[in-house]
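Asker: I am sharing query_37.txt, which consists of compact mmCIF, C-alpha atoms:
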# COMPACT_ATOMS: atom_id res chain seq x y z
CA MET A 1 -4.47 -11.18 11.63
CA ILE A 2 -3.67 -11.33 7.96
CA GLY A 3 -2.49 -8.89 5.31
CA ASN A 4 -2.25 -9.26 1.56
CA ASP A 5 -0.91 -7.32 -1.39
CA ILE A 6 -1.10 -7.82 -5.13
CA VAL A 7 1.10 -6.21 -7.78
CA ASP A 8 0.00 -6.26 -11.40
CA LEU A 9 3.42 -6.55 -13.05
CA ILE A 10 2.33 -4.80 -16.25
CA GLN A 11 0.61 -1.99 -14.36
CA ALA A 12 3.67 -1.63 -12.13
CA ALA A 13 5.92 -1.29 -15.18
CA GLN A 14 3.66 1.46 -16.51
CA ASP A 15 3.12 3.33 -13.25
CA SER A 16 6.43 3.11 -11.44
CA ASN A 17 9.93 3.44 -12.73
CA TRP A 18 12.00 1.77 -10.02
CA LYS A 19 15.13 2.53 -12.06
CA ARG A 20 14.53 6.20 -11.42
CA PRO A 21 17.42 7.74 -9.40
CA ARG A 22 16.99 7.29 -5.62
CA PHE A 23 13.83 5.16 -5.94
CA LEU A 24 15.46 1.94 -4.71
CA ASP A 25 17.29 3.86 -1.96
CA LYS A 26 13.97 5.07 -0.57
CA VAL A 27 12.43 1.61 -0.51
CA PHE A 28 15.09 -1.04 0.04
CA ILE A 29 17.94 -1.51 2.50
CA VAL A 30 21.40 -2.37 1.16
CA GLU A 31 20.90 -6.15 1.52
CA GLU A 32 17.62 -6.01 -0.40
CA GLN A 33 19.21 -3.89 -3.11
CA GLN A 34 21.96 -6.50 -3.41
CA LEU A 35 19.34 -9.25 -3.86
CA ILE A 36 17.73 -7.17 -6.61
CA GLY A 37 21.08 -6.43 -8.23
CA ASN A 38 21.90 -10.14 -8.39
CA ALA A 39 18.47 -11.26 -9.58
CA LYS A 40 17.87 -12.64 -13.06
CA ASN A 41 14.46 -11.00 -13.16
CA GLN A 42 14.98 -7.71 -11.35
CA HIS A 43 11.51 -6.33 -12.08
CA GLN A 44 9.98 -9.42 -10.51
CA LEU A 45 12.18 -9.26 -7.42
CA VAL A 46 11.54 -5.54 -6.85
CA TRP A 47 7.80 -6.19 -6.78
CA LEU A 48 8.07 -9.41 -4.81
CA LEU A 49 9.90 -7.57 -2.00
CA TRP A 50 7.49 -4.66 -2.31
CA SER A 51 4.44 -6.92 -1.97
CA MET A 52 6.01 -8.65 1.06
CA LYS A 53 6.51 -5.28 2.74
CA GLU A 54 2.99 -4.14 1.91
CA ALA A 55 1.35 -7.35 3.14
CA ALA A 56 3.33 -7.27 6.42
CA TYR A 57 2.59 -3.56 6.85
CA LYS A 58 -1.14 -4.29 6.65
CA VAL A 59 -0.86 -6.75 9.55
CA HIS A 60 1.24 -4.26 11.51
CA VAL A 61 -1.40 -1.52 11.11
CA GLN A 62 -4.11 -3.91 12.33
CA GLN A 63 -1.93 -4.79 15.34
CA PHE A 64 -0.79 -1.34 16.38
CA GLY A 65 -3.32 0.99 14.74
CA LYS A 66 -0.67 3.32 13.45
CA ARG A 67 0.05 4.20 9.83
CA PHE A 68 3.43 5.27 8.53
CA PHE A 69 5.28 5.43 5.24
CA ASN A 70 8.80 4.13 5.53
CA PRO A 71 9.38 1.05 3.37
CA LYS A 72 12.95 0.67 4.66
CA ARG A 73 11.70 0.11 8.20
CA LEU A 74 10.28 -3.14 6.83
CA VAL A 75 13.10 -5.58 6.21
CA CYS A 76 12.59 -8.60 3.94
CA GLU A 77 14.40 -11.90 4.14
CA LEU A 78 13.66 -14.60 1.59
CA ALA A 79 13.67 -18.24 2.70
CA SER A 80 12.78 -19.46 -0.79
CA GLU A 81 11.55 -17.90 -4.03
CA THR A 82 8.06 -17.59 -2.63
CA SER A 83 8.35 -17.54 1.15
CA GLY A 84 10.07 -15.33 3.62
CA ILE A 85 9.80 -13.04 6.59
CA VAL A 86 9.44 -9.33 7.03
CA LYS A 87 10.75 -7.65 10.16
CA ILE A 88 9.29 -4.38 11.38
CA ASP A 89 11.36 -3.29 14.38
CA GLU A 90 11.01 -6.25 16.78
CA GLU A 91 7.98 -7.79 15.05
CA ILE A 92 8.21 -10.67 12.58
CA TYR A 93 5.71 -11.48 9.84
CA PHE A 94 5.68 -14.62 7.71
CA THR A 95 4.98 -14.27 4.01
CA THR A 96 3.84 -16.60 1.26
CA SER A 97 3.88 -15.33 -2.29
CA THR A 98 2.49 -16.47 -5.62
CA ILE A 99 4.45 -15.40 -8.67
CA THR A 100 2.99 -15.54 -12.17
CA ASN A 101 3.88 -13.70 -15.36
CA ASP A 102 0.97 -11.34 -14.69
CA TYR A 103 1.12 -10.67 -10.99
CA ILE A 104 2.83 -11.17 -7.64
CA TYR A 105 0.58 -11.85 -4.71
CA THR A 106 1.76 -12.03 -1.08
CA VAL A 107 -0.07 -12.96 2.10
CA ALA A 108 1.47 -12.14 5.49
CA THR A 109 0.53 -13.69 8.83
CA LEU A 110 1.82 -13.55 12.39
CA GLU A 111 2.63 -17.24 12.53
CA ALA A 112 4.60 -19.45 10.17
CA SER A 113 2.53 -21.77 7.95
CA LYS A 114 -0.75 -20.34 9.18
CA VAL A 115 -3.71 -21.71 7.21
CA PHE A 116 -5.69 -19.12 5.28
CA LYS A 117 -8.21 -18.82 2.48
CA SER A 118 -7.45 -16.57 -0.41
CA GLU A 119 -8.54 -15.77 -3.94
CA CYS A 120 -7.06 -13.65 -6.73
CA PHE A 121 -9.15 -12.69 -9.69
CA GLU A 122 -9.12 -10.44 -12.72
CA VAL A 123 -11.40 -7.43 -12.48
CA GLU A 124 -13.70 -6.25 -15.27
CA ASN A 125 -13.40 -2.57 -14.46
CA SER A 126 -10.19 -1.32 -12.93
CA ASN A 127 -11.71 2.03 -11.92
CA TYR A 128 -11.15 2.41 -8.20
CA HIS A 129 -14.82 2.67 -7.19
CA PHE A 130 -15.96 -0.30 -9.25
CA GLU A 131 -13.20 -2.69 -8.28
CA SER A 132 -13.50 -1.81 -4.60
CA LYS A 133 -17.23 -2.54 -4.65
CA GLY A 134 -16.75 -5.71 -6.70
CA LEU A 135 -14.12 -7.09 -4.34
CA LYS A 136 -16.26 -6.39 -1.26
CA MET A 137 -19.30 -8.07 -2.81
CA LYS A 138 -17.31 -11.10 -3.84
CA PHE A 139 -15.86 -11.42 -0.35
CA LEU A 140 -19.25 -10.95 1.36
CA GLU A 141 -20.73 -13.69 -0.81
CA ILE A 142 -18.01 -16.07 0.41
CA VAL A 143 -18.53 -15.07 4.05
CA SER A 144 -22.30 -15.41 3.78
CA LYS A 145 -21.87 -18.96 2.48
CA LEU A 146 -19.33 -19.87 5.17
CA LYS A 147 -21.46 -18.43 7.95
CA LYS A 148 -24.71 -19.62 6.38
CA THR A 149 -26.14 -16.17 6.69
CA SER A 150 -27.76 -13.74 4.31
CA ILE A 151 -25.50 -11.26 2.59
CA GLU A 152 -27.82 -8.41 3.65
CA GLU A 153 -26.78 -8.99 7.26
CA LEU A 154 -23.13 -8.37 6.47
CA GLN A 155 -21.34 -5.07 6.08
CA ILE A 156 -17.76 -3.93 5.74
CA ARG A 157 -16.66 -0.68 7.32
CA LYS A 158 -13.24 0.85 7.61
CA ASN A 159 -11.93 1.81 11.02
CA ALA A 160 -10.11 5.06 11.82
CA VAL A 161 -6.82 3.87 10.30
CA GLY A 162 -8.48 2.54 7.17
CA VAL A 163 -8.53 -1.15 8.14
CA PRO A 164 -11.69 -2.84 6.84
CA ARG A 165 -13.78 -4.63 9.49
CA LEU A 166 -16.60 -7.10 9.04
CA PHE A 167 -19.97 -6.57 10.73
CA GLN A 168 -23.00 -8.82 11.03
CA ASN A 169 -26.16 -6.92 11.97
CA ASN A 170 -23.96 -4.06 13.15
CA LEU A 171 -21.90 -6.28 15.47
CA ALA A 172 -18.21 -6.62 14.69
CA ILE A 173 -17.20 -10.16 13.76
CA ASP A 174 -13.63 -10.70 14.75
CA ASN A 175 -12.07 -12.60 11.92
CA GLY A 176 -8.97 -11.44 10.09
CA PHE A 177 -9.18 -10.60 6.46
CA SER A 178 -7.45 -8.32 3.99
CA PHE A 179 -8.17 -6.85 0.56
CA THR A 180 -5.86 -5.76 -2.18
CA HIS A 181 -6.19 -4.40 -5.68
CA HIS A 182 -3.79 -3.32 -8.39
CA GLY A 183 -4.33 -2.85 -12.10
CA ARG A 184 -6.17 -5.83 -13.55
CA PHE A 185 -6.27 -7.83 -10.33
CA SER A 186 -8.01 -7.96 -6.97
CA ALA A 187 -7.65 -10.43 -4.13
CA TRP A 188 -9.01 -11.18 -0.70
CA SER A 189 -7.49 -13.32 2.03
CA MET A 190 -9.03 -14.58 5.25
CA LEU A 191 -7.91 -16.60 8.24
CA MET B 1 9.09 31.14 3.57
CA ILE B 2 6.93 29.85 0.77
CA LYS B 3 3.27 30.93 0.92
CA LYS B 4 0.83 28.29 2.06
CA GLU B 5 -1.39 28.61 -1.02
CA GLU B 6 1.62 28.41 -3.29
CA LEU B 7 2.87 25.31 -1.52
CA ILE B 8 -0.51 23.56 -1.74
CA ALA B 9 -0.73 24.45 -5.45
CA LYS B 10 2.73 22.99 -6.09
CA LEU B 11 1.90 19.80 -4.17
CA LYS B 12 -1.35 19.51 -6.09
CA THR B 13 0.52 19.61 -9.38
CA ILE B 14 2.95 16.98 -8.11
CA VAL B 15 0.31 14.51 -6.92
CA GLN B 16 -2.09 14.91 -9.84
CA PRO B 17 -0.57 12.22 -12.10
CA TYR B 18 -0.93 9.61 -9.36
CA ILE B 19 -4.43 10.20 -7.96
CA GLN B 20 -7.26 7.73 -8.44
CA ASP B 21 -10.09 9.72 -6.84
CA GLU B 22 -10.92 12.85 -8.86
CA ASP B 23 -13.49 14.20 -6.38
CA ALA B 24 -11.06 14.03 -3.48
CA PHE B 25 -8.42 15.66 -5.66
CA ASN B 26 -10.74 18.53 -6.61
CA ASN B 27 -11.48 19.07 -2.92
CA LEU B 28 -7.85 18.75 -1.88
CA SER B 29 -7.04 20.52 1.38
CA GLU B 30 -4.40 20.29 4.10
CA GLU B 31 -6.38 17.47 5.67
CA THR B 32 -6.33 15.31 2.53
CA ASP B 33 -4.74 11.89 3.02
CA PHE B 34 -2.70 10.65 0.06
CA ILE B 35 -3.76 7.02 0.34
CA ASN B 36 -7.16 7.02 2.07
CA ASP B 37 -8.56 10.04 0.21
CA LEU B 38 -6.71 10.33 -3.09
CA LYS B 39 -6.33 6.52 -3.36
CA ILE B 40 -2.75 6.92 -4.46
CA ASN B 41 -0.93 3.63 -4.91
CA SER B 42 1.71 3.37 -2.21
CA ALA B 43 4.48 2.74 -4.75
CA ASN B 44 3.57 6.09 -6.29
CA LEU B 45 4.01 7.70 -2.88
CA VAL B 46 7.72 7.04 -3.43
CA ASP B 47 7.46 8.93 -6.73
CA ILE B 48 5.69 11.81 -5.01
CA ILE B 49 8.45 12.04 -2.43
CA LEU B 50 11.10 12.03 -5.18
CA ASP B 51 9.12 14.64 -7.15
CA VAL B 52 8.87 16.82 -4.02
CA GLU B 53 12.62 16.48 -3.51
CA ASP B 54 13.27 17.55 -7.10
CA GLU B 55 10.76 20.40 -7.11
CA PHE B 56 12.07 22.03 -3.92
CA ASP B 57 15.67 20.85 -4.24
CA ILE B 58 15.61 19.16 -0.84
CA ARG B 59 16.29 15.65 0.47
CA ILE B 60 13.74 13.88 2.63
CA GLU B 61 15.23 11.31 4.99
CA ASN B 62 13.33 8.14 5.86
CA ASP B 63 12.39 9.38 9.32
CA ASP B 64 10.69 12.42 7.78
CA MET B 65 9.16 10.39 4.98
CA GLU B 66 7.54 8.18 7.61
CA LYS B 67 4.97 10.90 8.40
CA MET B 68 4.30 11.89 4.81
CA ILE B 69 0.84 10.40 4.45
CA SER B 70 -1.15 13.64 4.20
CA VAL B 71 -0.91 17.01 2.47
CA LYS B 72 -0.42 18.69 5.85
CA ALA B 73 2.50 16.43 6.77
CA ALA B 74 4.10 16.97 3.37
CA MET B 75 3.78 20.75 3.78
CA ASP B 76 5.37 20.64 7.23
CA ILE B 77 8.32 18.61 5.98
CA VAL B 78 8.90 20.84 2.94
CA ASN B 79 8.78 23.96 5.12
CA GLU B 80 11.15 22.41 7.63
CA LYS B 81 13.63 21.44 4.91
CA LEU B 82 13.42 24.80 3.16
CA ALA B 83 14.00 26.60 6.45
CA ALA B 84 17.10 24.50 7.09
CA LYS B 85 18.60 25.30 3.67
Please rewrite the model in this file as structure tokens.

Answerer:
Amino acid sequence: MIGNDIVDLIQAAQDSNWKRPRFLDKVFIVEEQQLIGNAKNQHQLVWLLWSMKEAAYKVHVQQFGKRFFNPKRLVCELASETSGIVKIDEEIYFTTSTITNDYIYTVATLEASKVFKSECFEVENSNYHFESKGLKMKFLEIVSKLKKTSIEELQIRKNAVGVPRLFQNNLAIDNGFSFTHHGRFSAWSML
Amino acid sequence: MIKKEELIAKLKTIVQPYIQDEDAFNNLSEETDFINDLKINSANLVDIILDVEDEFDIRIENDDMEKMISVKAAMDIVNEKLAAK
């Protein structure tokens, strides 16, 4: 299983004011807030920790099939600037992040140093419907090449908790993947 | 107790700035899911919770927030908090 999350840093600055009273208290535990307080680039660290939590949460939902909204139940620990773990209750997720001036992208897996494929790209139309379709098509093209199959045989459908699943001729293909989109960017990741 | 219609109308006003799916917003009902239906960015769900707290002058603890993924759940929590005031 794999989960990913991208944060467009410019979009995030426009859409969310994390300096708003009580915002950080709702999202981060004391230790995480201390890391943010001590960071040179606080905006970057807020969204790095956020993307770690989101990516790990996506794996957790695939595992347990239950959605919830409680960012503080997901606890981040950084091992380096771009790698770390997220704990959700007794579960541990390993994260690898890419930080650029434009975006922060995190992939979470169940095992440390798990090999995965992944691609981030800039979208032409950030409207929800267009980017969602564009990302799916791009991903299906990759899968069709890897599996040497025609793209018409492949479909993506969401399950009851909103997790996308891959189907070939209406049969579920069990390989982990995850999609993410924010602002100017979309990304897919696959085990 | 606040009327159901009034509560839905207030929640609708609160969520409007954050929605990404106009059709789902126009058809908003108790069953509407903030993320799956309205396509609200999860970071903005934090803003919605803070806006709800401000609007109704209540505080929503993390355990209550955990369920707040639909209009129905938000209504239940607001009613619960208002009743406890």

Asker: Using all atoms listed in the file, find which residues of chain B lie within 10 Å of chain A and jot them down as a PDB file with C-alpha atoms, keeping the file's coordinate frame.

Answerer:
ATOM      1  CA  PRO B  17      -0.570  12.220 -12.100  1.00  0.00           C
ATOM      2  CA  TYR B  18      -0.930   9.610  -9.360  1.00  0.00           C
ATOM      3  CA  GLN B  20      -7.260   7.730  -8.440  1.00  0.00           C
ATOM      4  CA  ASP B  21     -10.090   9.720  -6.840  1.00  0.00           C
ATOM      5  CA  ILE B  35      -3.760   7.020   0.340  1.00  0.00           C
ATOM      6  CA  ASN B  36      -7.160   7.020   2.070  1.00  0.00           C
ATOM      7  CA  LYS B  39      -6.330   6.520  -3.360  1.00  0.00           C
ATOM      8  CA  ASN B  41      -0.930   3.630  -4.910  1.00  0.00           C
ATOM      9  CA  SER B  42       1.710   3.370  -2.210  1.00  0.00           C
ATOM     10  CA  ALA B  43       4.480   2.740  -4.750  1.00  0.00           C
ATOM     11  CA  ASN B  44       3.570   6.090  -6.290  1.00  0.00           C
ATOM     12  CA  LEU B  45       4.010   7.700  -2.880  1.00  0.00           C
ATOM     13  CA  VAL B  46       7.720   7.040  -3.430  1.00  0.00           C
ATOM     14  CA  ASP B  47       7.460   8.930  -6.730  1.00  0.00           C
ATOM     15  CA  ILE B  49       8.450  12.040  -2.430  1.00  0.00           C
ATOM     16  CA  LEU B  50      11.100  12.030  -5.180  1.00  0.00           C
ATOM     17  CA  ILE B  60      13.740  13.880   2.630  1.00  0.00           C
ATOM     18  CA  GLU B  61      15.230  11.310   4.990  1.00  0.00           C
ATOM     19  CA  ASN B  62      13.330   8.140   5.860  1.00  0.00           C
ATOM     20  CA  ASP B  63      12.390   9.380   9.320  1.00  0.00           C
ATOM     21  CA  ASP B  64      10.690  12.420   7.780  1.00  0.00           C
ATOM     22  CA  MET B  65       9.160  10.390   4.980  1.00  0.00           C
ATOM     23  CA  GLU B  66       7.540   8.180   7.610  1.00  0.00           C
ATOM     24  CA  LYS B  67       4.970  10.900   8.400  1.00  0.00           C
ATOM     25  CA  MET B  68       4.300  11.890   4.810  1.00  0.00           C
ATOM     26  CA  ILE B  69       0.840  10.400   4.450  1.00  0.00           C
TER      27      ILE B  69
END

Asker: Grab the atom CA of A:Lys158 to atom CA of A:Cys120 distance for me, in Å with one decimal place.

Answerer: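 Answer for the atom CA of A:Lys158 to atom CA of A:Cys120 separation: 21.3 Å.
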
Asker: I'd like the neighbourhood of B:Glu55 as a list in words, where a residue qualifies if any of its atoms comes within 9 Å (using only C-alpha atoms), though same-chain residues fewer than 4 positions away should be ignored.

Answerer: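 The neighbour list is Lys10, Ile14, Leu50 and Asp51 of chain B.
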
Asker: From the options A:Met52, A:Ile99, A:Met137, A:Ala108, which residue's atoms come nearest to A:Glu152, counting only C-alpha atoms?

Answerer: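 Result for the nearest residue to A:Glu152: A:Met137.
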
Asker: What's the separation between atom CA of A:Ala56 and atom CA of A:Tyr93, in Å to one decimal place?

Answerer: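 Separation between atom CA of A:Ala56 and atom CA of A:Tyr93: 5.9 Å.
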
Asker: Can you tell me, as a list of chain:residue names, what residues are no more than 10 Å from A:Ser150 when counting all atoms listed in the file, ignoring any on the same chain fewer than 3 positions away?

Answerer: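 That gives A:Leu140, A:Glu141, A:Val143, A:Ser144, A:Lys145, A:Lys147, A:Glu153, A:Leu154, A:Gln168.
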
Asker: Name all residues at most 8 Å from B:Leu38 (count only C-alpha atoms; drop same-chain ones fewer than 3 positions away) and give them as a PyMOL selection string.

Answerer: chain B and resi 19-22+24-25+32-35

Asker: Could you pull the residues within 12 Å of B:Lys81, counting only C-alpha atoms, minus those fewer than 6 positions along the same chain, as a ChimeraX atom specification?

Answerer: /B:1-2,52-53,56-61,64-65,74-75

Asker: Which residue out of A:Thr180, A:Ser80, A:Ser51, A:Asn101 has the minimum interatomic distance to A:Gly134 when all atoms listed in the file are used?

Answerer: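 Answer, going by the shortest atom-to-atom distance: A:Thr180.
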
Asker: What is the atom CA of A:Ala187-atom CA of A:Asn4 distance in Å, reported with one decimal?

Answerer: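 Computing the Euclidean distance for atom CA of A:Ala187 and atom CA of A:Asn4 yields 7.9 Å.
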
Asker: Which residue out of A:Asn169, A:Asn38, A:Asn175, A:Asn159 has the minimum interatomic distance to A:Lys66 when all atoms listed in the file are used?

Answerer: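 For A:Lys66, the nearest of the candidates is A:Asn159.
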
Asker: Can you work out which one of A:Gln44, A:Phe64, A:Asp102, A:Gly3 has the shortest atom-to-atom distance to A:Glu122, counting all atoms listed in the file?

Answerer: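 Closest to A:Glu122, using all atoms listed in the file: A:Asp102.
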
Asker: Of the residues A:Thr100, A:Val115, A:Ile36, A:Ile88, which is the one nearest to A:Leu9, using only C-alpha atoms?

Answerer: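 Among A:Thr100, A:Val115, A:Ile36, A:Ile88, it is A:Thr100 that comes nearest to A:Leu9.
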
Asker: Check the smallest atom-to-atom distance from each of A:Ser118, A:Tyr57, A:Leu171, A:Val107 to A:Asp89 using all atoms listed in the file, then report the winner.

Answerer: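 Nearest candidate to A:Asp89 out of A:Ser118, A:Tyr57, A:Leu171, A:Val107: A:Tyr57.
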
Asker: Neighbours of stretch 95-98 of chain A within 6 Å (only C-alpha atoms; same-chain residues fewer than 2 positions away dropped), as a list in words?

Answerer: Thr82, Ser83, Gly84, Ile85, Ile104, Tyr105, Thr106, Val107 and Ala108 of chain A

Asker: Would you mind exporting stretch 8-38 of chain B with N, CA and C atoms, as a tab-separated table (two decimals), in the first residue's frame?

Answerer:
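Ended up saving to decode12.tsv:
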chain	number	residue	atom	x	y	z
B	8	ILE	N	-28.53	24.11	8.68
B	8	ILE	CA	-27.98	23.75	7.36
B	8	ILE	C	-27.61	25.02	6.59
B	9	ALA	N	-28.47	26.03	6.65
B	9	ALA	CA	-28.21	27.28	5.93
B	9	ALA	C	-26.92	27.93	6.44
B	10	LYS	N	-26.73	27.92	7.76
B	10	LYS	CA	-25.51	28.51	8.33
B	10	LYS	C	-24.27	27.73	7.91
B	11	LEU	N	-24.38	26.39	7.93
B	11	LEU	CA	-23.24	25.56	7.53
B	11	LEU	C	-22.93	25.79	6.05
B	12	LYS	N	-23.97	25.95	5.26
B	12	LYS	CA	-23.79	26.18	3.83
B	12	LYS	C	-22.98	27.46	3.58
B	13	THR	N	-23.33	28.50	4.33
B	13	THR	CA	-22.61	29.76	4.19
B	13	THR	C	-21.14	29.60	4.60
B	14	ILE	N	-20.93	28.80	5.65
B	14	ILE	CA	-19.56	28.59	6.13
B	14	ILE	C	-18.71	27.82	5.11
B	15	VAL	N	-19.28	26.78	4.53
B	15	VAL	CA	-18.46	25.94	3.63
B	15	VAL	C	-18.28	26.53	2.24
B	16	GLN	N	-19.17	27.42	1.84
B	16	GLN	CA	-19.15	27.94	0.47
B	16	GLN	C	-17.78	28.40	-0.05
B	17	PRO	N	-17.01	29.18	0.75
B	17	PRO	CA	-15.73	29.64	0.20
B	17	PRO	C	-14.75	28.51	-0.12
B	18	TYR	N	-14.97	27.33	0.40
B	18	TYR	CA	-13.97	26.26	0.28
B	18	TYR	C	-14.35	25.16	-0.71
B	19	ILE	N	-15.57	25.20	-1.24
B	19	ILE	CA	-16.01	24.08	-2.09
B	19	ILE	C	-15.37	24.13	-3.47
B	20	GLN	N	-15.23	22.95	-4.06
B	20	GLN	CA	-14.67	22.88	-5.42
B	20	GLN	C	-15.66	22.23	-6.38
B	21	ASP	N	-16.81	21.76	-5.87
B	21	ASP	CA	-17.81	21.15	-6.75
B	21	ASP	C	-19.13	21.90	-6.56
B	22	GLU	N	-19.41	22.79	-7.52
B	22	GLU	CA	-20.59	23.64	-7.45
B	22	GLU	C	-21.89	22.84	-7.43
B	23	ASP	N	-21.96	21.79	-8.27
B	23	ASP	CA	-23.21	21.01	-8.36
B	23	ASP	C	-23.53	20.36	-7.02
B	24	ALA	N	-22.49	19.76	-6.43
B	24	ALA	CA	-22.70	19.11	-5.12
B	24	ALA	C	-23.09	20.15	-4.08
B	25	PHE	N	-22.53	21.35	-4.19
B	25	PHE	CA	-22.86	22.41	-3.23
B	25	PHE	C	-24.32	22.84	-3.40
B	26	ASN	N	-24.76	22.99	-4.65
B	26	ASN	CA	-26.14	23.39	-4.89
B	26	ASN	C	-27.14	22.35	-4.40
B	27	ASN	N	-26.70	21.09	-4.41
B	27	ASN	CA	-27.58	20.00	-3.94
B	27	ASN	C	-27.26	19.59	-2.50
B	28	LEU	N	-26.61	20.48	-1.77
B	28	LEU	CA	-26.18	20.11	-0.42
B	28	LEU	C	-27.33	19.63	0.47
B	29	SER	N	-27.10	18.50	1.13
B	29	SER	CA	-28.10	17.97	2.06
B	29	SER	C	-27.35	17.45	3.29
B	30	GLU	N	-28.09	16.85	4.21
B	30	GLU	CA	-27.44	16.28	5.39
B	30	GLU	C	-26.42	15.21	5.02
B	31	GLU	N	-26.70	14.52	3.92
B	31	GLU	CA	-25.85	13.39	3.53
B	31	GLU	C	-24.55	13.83	2.84
B	32	THR	N	-24.45	15.11	2.51
B	32	THR	CA	-23.28	15.58	1.75
B	32	THR	C	-21.99	15.40	2.54
B	33	ASP	N	-20.99	14.86	1.85
B	33	ASP	CA	-19.67	14.62	2.44
B	33	ASP	C	-18.76	15.79	2.04
B	34	PHE	N	-18.08	16.37	3.01
B	34	PHE	CA	-17.26	17.55	2.73
B	34	PHE	C	-16.17	17.27	1.69
B	35	ILE	N	-15.51	16.13	1.84
B	35	ILE	CA	-14.37	15.86	0.96
B	35	ILE	C	-14.79	15.13	-0.31
B	36	ASN	N	-15.52	14.02	-0.17
B	36	ASN	CA	-15.90	13.24	-1.35
B	36	ASN	C	-16.87	13.96	-2.27
B	37	ASP	N	-17.82	14.71	-1.69
B	37	ASP	CA	-18.82	15.38	-2.52
B	37	ASP	C	-18.42	16.82	-2.88
B	38	LEU	N	-18.12	17.61	-1.87
B	38	LEU	CA	-17.83	19.03	-2.12
B	38	LEU	C	-16.39	19.25	-2.58
